[in-house]
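Structure data (mmCIF, C-alpha atoms) from structure21.cif:
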data_upload
#
loop_
_atom_site.group_PDB
_atom_site.id
_atom_site.type_symbol
_atom_site.label_atom_id
_atom_site.label_comp_id
_atom_site.auth_asym_id
_atom_site.auth_seq_id
_atom_site.Cartn_x
_atom_site.Cartn_y
_atom_site.Cartn_z
ATOM 1 C CA GLY X 1092 3.198 -14.444 13.310
ATOM 2 C CA ARG X 1093 2.728 -15.716 9.832
ATOM 3 C CA LEU X 1094 3.749 -19.286 10.606
ATOM 4 C CA SER X 1095 0.857 -21.670 10.981
ATOM 5 C CA GLY X 1096 2.692 -23.920 13.464
ATOM 6 C CA ILE X 1097 2.364 -21.318 16.227
ATOM 7 C CA THR X 1098 -0.695 -20.917 18.434
ATOM 8 C CA LEU X 1099 -2.683 -17.978 17.037
ATOM 9 C CA GLY X 1100 -0.331 -17.987 14.040
ATOM 10 C CA ASN X 1101 -0.996 -17.797 10.310
ATOM 11 C CA VAL X 1102 -1.811 -14.077 10.581
ATOM 12 C CA ALA X 1103 -0.084 -11.307 8.654
ATOM 13 C CA ALA X 1104 1.169 -8.124 10.286
ATOM 14 C CA HIS X 1105 -0.691 -6.014 7.763
ATOM 15 C CA SER X 1106 -2.471 -2.679 7.956
ATOM 16 C CA TYR X 1107 -4.904 -0.835 5.736
ATOM 17 C CA PHE X 1108 -6.352 2.639 5.765
ATOM 18 C CA GLU X 1109 -8.157 5.065 3.503
ATOM 19 C CA LEU X 1110 -7.832 8.797 3.062
ATOM 20 C CA GLU X 1111 -10.668 10.770 1.511
ATOM 21 C CA CYS X 1112 -9.361 13.854 -0.261
ATOM 22 C CA PRO X 1113 -9.988 16.281 -3.116
ATOM 23 C CA PRO X 1114 -9.587 14.754 -6.594
ATOM 24 C CA LEU X 1115 -6.164 13.140 -6.968
ATOM 25 C CA ASP X 1116 -3.976 13.459 -10.033
ATOM 26 C CA VAL X 1117 -2.996 9.781 -10.339
ATOM 27 C CA PRO X 1118 -0.055 10.274 -12.741
ATOM 28 C CA ARG X 1119 1.403 12.895 -10.376
ATOM 29 C CA LEU X 1120 0.780 10.623 -7.356
ATOM 30 C CA THR X 1121 2.409 7.726 -9.193
ATOM 31 C CA ALA X 1122 5.498 9.810 -9.934
ATOM 32 C CA ALA X 1123 5.720 10.866 -6.271
ATOM 33 C CA VAL X 1124 5.368 7.274 -5.040
ATOM 34 C CA ASN X 1125 8.045 6.064 -7.454
ATOM 35 C CA ALA X 1126 10.401 8.824 -6.302
ATOM 36 C CA LEU X 1127 9.866 7.690 -2.694
ATOM 37 C CA ILE X 1128 10.481 4.065 -3.664
ATOM 38 C CA ALA X 1129 13.782 5.056 -5.291
ATOM 39 C CA ARG X 1130 14.842 7.094 -2.230
ATOM 40 C CA HIS X 1131 13.746 4.818 0.640
ATOM 41 C CA ASP X 1132 15.279 1.343 0.831
ATOM 42 C CA MET X 1133 12.545 -0.113 3.051
ATOM 43 C CA LEU X 1134 9.990 0.419 0.287
ATOM 44 C CA ARG X 1135 12.030 -2.020 -1.835
ATOM 45 C CA ILE X 1136 12.502 -4.882 0.626
ATOM 46 C CA VAL X 1137 11.530 -8.506 0.276
ATOM 47 C CA VAL X 1138 11.938 -11.300 2.812
ATOM 48 C CA ASP X 1139 14.070 -14.193 1.578
ATOM 49 C CA SER X 1140 13.666 -16.337 4.695
ATOM 50 C CA PRO X 1141 12.110 -15.933 8.142
ATOM 51 C CA SER X 1142 15.318 -14.225 9.286
ATOM 52 C CA THR X 1143 16.587 -12.460 6.140
ATOM 53 C CA GLN X 1144 15.345 -9.255 4.558
ATOM 54 C CA ARG X 1145 16.840 -7.980 1.335
ATOM 55 C CA VAL X 1146 16.666 -4.535 -0.251
ATOM 56 C CA CYS X 1147 16.109 -4.749 -4.000
ATOM 57 C CA ARG X 1148 18.652 -2.456 -5.661
ATOM 58 C CA THR X 1149 16.068 -1.357 -8.190
ATOM 59 C CA ALA X 1150 12.359 -1.811 -8.514
ATOM 60 C CA ASP X 1151 10.046 -1.722 -11.486
ATOM 61 C CA ALA X 1152 7.933 1.404 -11.813
ATOM 62 C CA TYR X 1153 5.029 1.071 -9.408
ATOM 63 C CA PRO X 1154 1.635 1.604 -11.082
ATOM 64 C CA ILE X 1155 -1.327 2.922 -9.096
ATOM 65 C CA HIS X 1156 -4.642 1.425 -10.122
ATOM 66 C CA SER X 1157 -7.595 3.811 -10.127
ATOM 67 C CA ASP X 1158 -11.330 3.399 -10.595
ATOM 68 C CA ILE X 1159 -14.077 5.886 -11.355
ATOM 69 C CA VAL X 1160 -17.198 4.937 -9.414
ATOM 70 C CA ALA X 1161 -20.689 6.422 -9.368
ATOM 71 C CA GLU X 1162 -22.009 7.535 -5.988
ATOM 72 C CA ALA X 1163 -24.716 4.849 -6.153
ATOM 73 C CA ASP X 1164 -22.034 2.150 -6.480
ATOM 74 C CA LEU X 1165 -19.528 3.563 -3.988
ATOM 75 C CA ALA X 1166 -20.521 1.517 -0.921
ATOM 76 C CA ASP X 1167 -20.250 -1.791 -2.812
ATOM 77 C CA HIS X 1168 -16.974 -0.757 -4.421
ATOM 78 C CA LEU X 1169 -15.449 0.276 -1.087
ATOM 79 C CA ALA X 1170 -16.569 -2.975 0.534
ATOM 80 C CA HIS X 1171 -14.844 -4.910 -2.253
ATOM 81 C CA VAL X 1172 -11.573 -2.930 -2.007
ATOM 82 C CA ARG X 1173 -11.583 -3.166 1.791
ATOM 83 C CA ALA X 1174 -12.085 -6.927 1.627
ATOM 84 C CA GLU X 1175 -9.135 -7.252 -0.774
ATOM 85 C CA LEU X 1176 -6.691 -4.928 0.980
ATOM 86 C CA SER X 1177 -7.517 -5.038 4.668
ATOM 87 C CA HIS X 1178 -7.009 -8.731 5.389
ATOM 88 C CA CYS X 1179 -4.512 -9.858 2.808
ATOM 89 C CA LYS X 1180 -1.493 -12.015 3.501
ATOM 90 C CA THR X 1181 1.114 -10.647 1.110
ATOM 91 C CA ASP X 1182 3.801 -12.947 -0.277
ATOM 92 C CA LEU X 1183 6.839 -11.396 1.418
ATOM 93 C CA THR X 1184 9.225 -12.828 -1.170
ATOM 94 C CA VAL X 1185 7.711 -10.713 -3.967
ATOM 95 C CA TRP X 1186 7.978 -6.929 -4.251
ATOM 96 C CA PRO X 1187 6.070 -4.715 -3.441
ATOM 97 C CA LEU X 1188 4.926 -5.321 0.132
ATOM 98 C CA PHE X 1189 2.302 -2.588 -0.169
ATOM 99 C CA GLU X 1190 -0.558 -1.583 -2.433
ATOM 100 C CA LEU X 1191 -1.936 1.825 -3.278
ATOM 101 C CA ARG X 1192 -5.189 2.347 -5.172
ATOM 102 C CA VAL X 1193 -7.377 5.339 -5.866
ATOM 103 C CA THR X 1194 -11.148 5.510 -6.146
ATOM 104 C CA HIS X 1195 -12.626 8.597 -7.806
ATOM 105 C CA CYS X 1196 -16.224 9.416 -6.967
ATOM 106 C CA GLY X 1197 -17.762 12.738 -7.894
ATOM 107 C CA ASP X 1198 -15.672 15.608 -6.556
ATOM 108 C CA ARG X 1199 -13.476 13.494 -4.289
ATOM 109 C CA SER X 1200 -10.954 10.694 -4.338
ATOM 110 C CA ILE X 1201 -10.233 7.954 -1.839
ATOM 111 C CA LEU X 1202 -6.662 6.766 -1.446
ATOM 112 C CA HIS X 1203 -6.482 3.113 -0.350
ATOM 113 C CA PHE X 1204 -3.238 1.989 1.262
ATOM 114 C CA GLY X 1205 -2.501 -1.556 2.390
ATOM 115 C CA TYR X 1206 0.970 -2.438 3.634
ATOM 116 C CA GLU X 1207 3.019 -4.904 5.613
ATOM 117 C CA LEU X 1208 3.895 -3.502 9.018
ATOM 118 C CA LEU X 1209 7.548 -4.477 8.660
ATOM 119 C CA LEU X 1210 7.896 -1.585 6.180
ATOM 120 C CA PHE X 1211 7.039 1.205 8.604
ATOM 121 C CA ASP X 1212 7.137 2.162 12.231
ATOM 122 C CA ILE X 1213 4.791 5.018 13.103
ATOM 123 C CA GLY X 1214 7.459 7.669 12.545
ATOM 124 C CA SER X 1215 8.439 6.389 9.115
ATOM 125 C CA LEU X 1216 4.770 6.032 8.118
ATOM 126 C CA PHE X 1217 4.194 9.701 8.944
ATOM 127 C CA CYS X 1218 7.401 10.569 7.067
ATOM 128 C CA PHE X 1219 6.193 8.606 4.025
ATOM 129 C CA LEU X 1220 2.795 10.323 4.048
ATOM 130 C CA SER X 1221 4.366 13.742 4.602
ATOM 131 C CA GLU X 1222 6.804 13.270 1.707
ATOM 132 C CA LEU X 1223 3.999 11.945 -0.475
ATOM 133 C CA THR X 1224 2.058 15.173 -0.076
#
Show this structure as structure tokens.
Amino acid sequence: GRLSGITLGNVAAHSYFELECPPLDVPRLTAAVNALIARHDMLRIVVDSPSTQRVCRTADAYPIHSDIVAEADLADHLAHVRAELSHCKTDLTVWPLFELRVTHCGDRSILHFGYELLLFDIGSLFCFLSELT
């Protein structure tokens, strides 16, 4: 768990993955993500205490950050994004408990998705990704 007083503690239950795809329309993706946030309560949760989760009735519009990167700089850029998103320990009291970013490089985009595991079980993750597309 997250608590440092436990043997092997002080670790977040966090996951990160990337999807390489054809060029993404970030404004369209942002609109789709915000529609999902409005429809699915678990995308709006925060944790008030170790035993209390709360669904925020509303959430601010979620912006998706995007970068345009030259092929020569892609490996360094990806290493930087992976370092930021793959091992983070999100503050569970502050929404959102996930982060989406997009990297554009040439004729492709890479969708970066880091999230707290308490948001999704495997079925709901597949549902989220299916509804996103």
| note | Using all atoms listed in the file, the best pick from X:His1105, X:His1178, X:Arg1145, X:His1195 as closest to X:Val1117 would be X:His1195
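Atom CA of X:Pro1187 lies 20.5 Å from atom CA of X:Asp1158.
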| query | Quick one: residues within 12 Å of X:Arg1119, all atoms listed in the file counted, chain neighbours fewer than 6 positions away excluded, as a PyMOL selection string? | reply | chain X and resi 1125-1126+1154-1155+1223-1224
| said: So that I can see what lies close to X:Leu1191, please list as an MDAnalysis selection string the residues with an atom at most 8 Å from it, counting all atoms listed in the file and leaving out residues fewer than 4 positions away in the same chain. | reply: chainID X and resid 1155:1156 1202:1205
Once the PyMOL selection byres ((chain X and resi 1129-1144) around 9) is applied to the coordinates I shared, what remains selected? I want it as a PDB file with C-alpha atoms, keeping the file's coordinate frame.
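expr_18.pdb, written as the output of this step:
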ATOM      1  CA  VAL X1124       5.368   7.274  -5.040  1.00  0.00           C
ATOM      2  CA  ASN X1125       8.045   6.064  -7.454  1.00  0.00           C
ATOM      3  CA  ALA X1126      10.401   8.824  -6.302  1.00  0.00           C
ATOM      4  CA  LEU X1127       9.866   7.690  -2.694  1.00  0.00           C
ATOM      5  CA  ILE X1128      10.481   4.065  -3.664  1.00  0.00           C
ATOM      6  CA  ARG X1145      16.840  -7.980   1.335  1.00  0.00           C
ATOM      7  CA  VAL X1146      16.666  -4.535  -0.251  1.00  0.00           C
ATOM      8  CA  CYS X1147      16.109  -4.749  -4.000  1.00  0.00           C
ATOM      9  CA  ARG X1148      18.652  -2.456  -5.661  1.00  0.00           C
ATOM     10  CA  THR X1149      16.068  -1.357  -8.190  1.00  0.00           C
ATOM     11  CA  ALA X1150      12.359  -1.811  -8.514  1.00  0.00           C
ATOM     12  CA  ASP X1182       3.801 -12.947  -0.277  1.00  0.00           C
ATOM     13  CA  LEU X1183       6.839 -11.396   1.418  1.00  0.00           C
ATOM     14  CA  THR X1184       9.225 -12.828  -1.170  1.00  0.00           C
ATOM     15  CA  VAL X1185       7.711 -10.713  -3.967  1.00  0.00           C
ATOM     16  CA  TRP X1186       7.978  -6.929  -4.251  1.00  0.00           C
ATOM     17  CA  PRO X1187       6.070  -4.715  -3.441  1.00  0.00           C
ATOM     18  CA  LEU X1188       4.926  -5.321   0.132  1.00  0.00           C
ATOM     19  CA  PHE X1189       2.302  -2.588  -0.169  1.00  0.00           C
ATOM     20  CA  LEU X1209       7.548  -4.477   8.660  1.00  0.00           C
ATOM     21  CA  LEU X1210       7.896  -1.585   6.180  1.00  0.00           C
ATOM     22  CA  PHE X1211       7.039   1.205   8.604  1.00  0.00           C
TER      23      PHE X1211
END
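Note that atom CA of X:Pro1113 and atom CA of X:Cys1179 are 27.4 Å apart.
Among the candidates X:Leu1208, X:Ser1215, X:Cys1112, X:Gly1197, the one nearest to X:Ala1163 when counting only C-alpha atoms is X:Gly1197.
For the structure in this document, the set picked by the PyMOL selection byres ((chain X and resi 1196) around 10) is X:Pro1114, X:Asp1158, X:Ile1159, X:Val1160, X:Ala1161, X:Glu1162, X:Ala1163, X:Asp1164, X:Leu1165, X:Val1193, X:Thr1194, X:His1195, X:Gly1197, X:Asp1198, X:Arg1199, X:Ser1200, X:Ile1201.
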Write out as lines of an AutoDock Vina configuration file an axis-aligned box for stretch 1103-1114 of chain X: all of its atoms listed in the file, 4 Å added on each side, centre and edge lengths in Å with one decimal.
center_x = -4.7
center_y = 2.5
center_z = 1.8
size_x = 19.8
size_y = 35.6
size_z = 24.9
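Rounded to one decimal, atom CA of X:Glu1175 and atom CA of X:Glu1109 lie 13.1 Å from each other.
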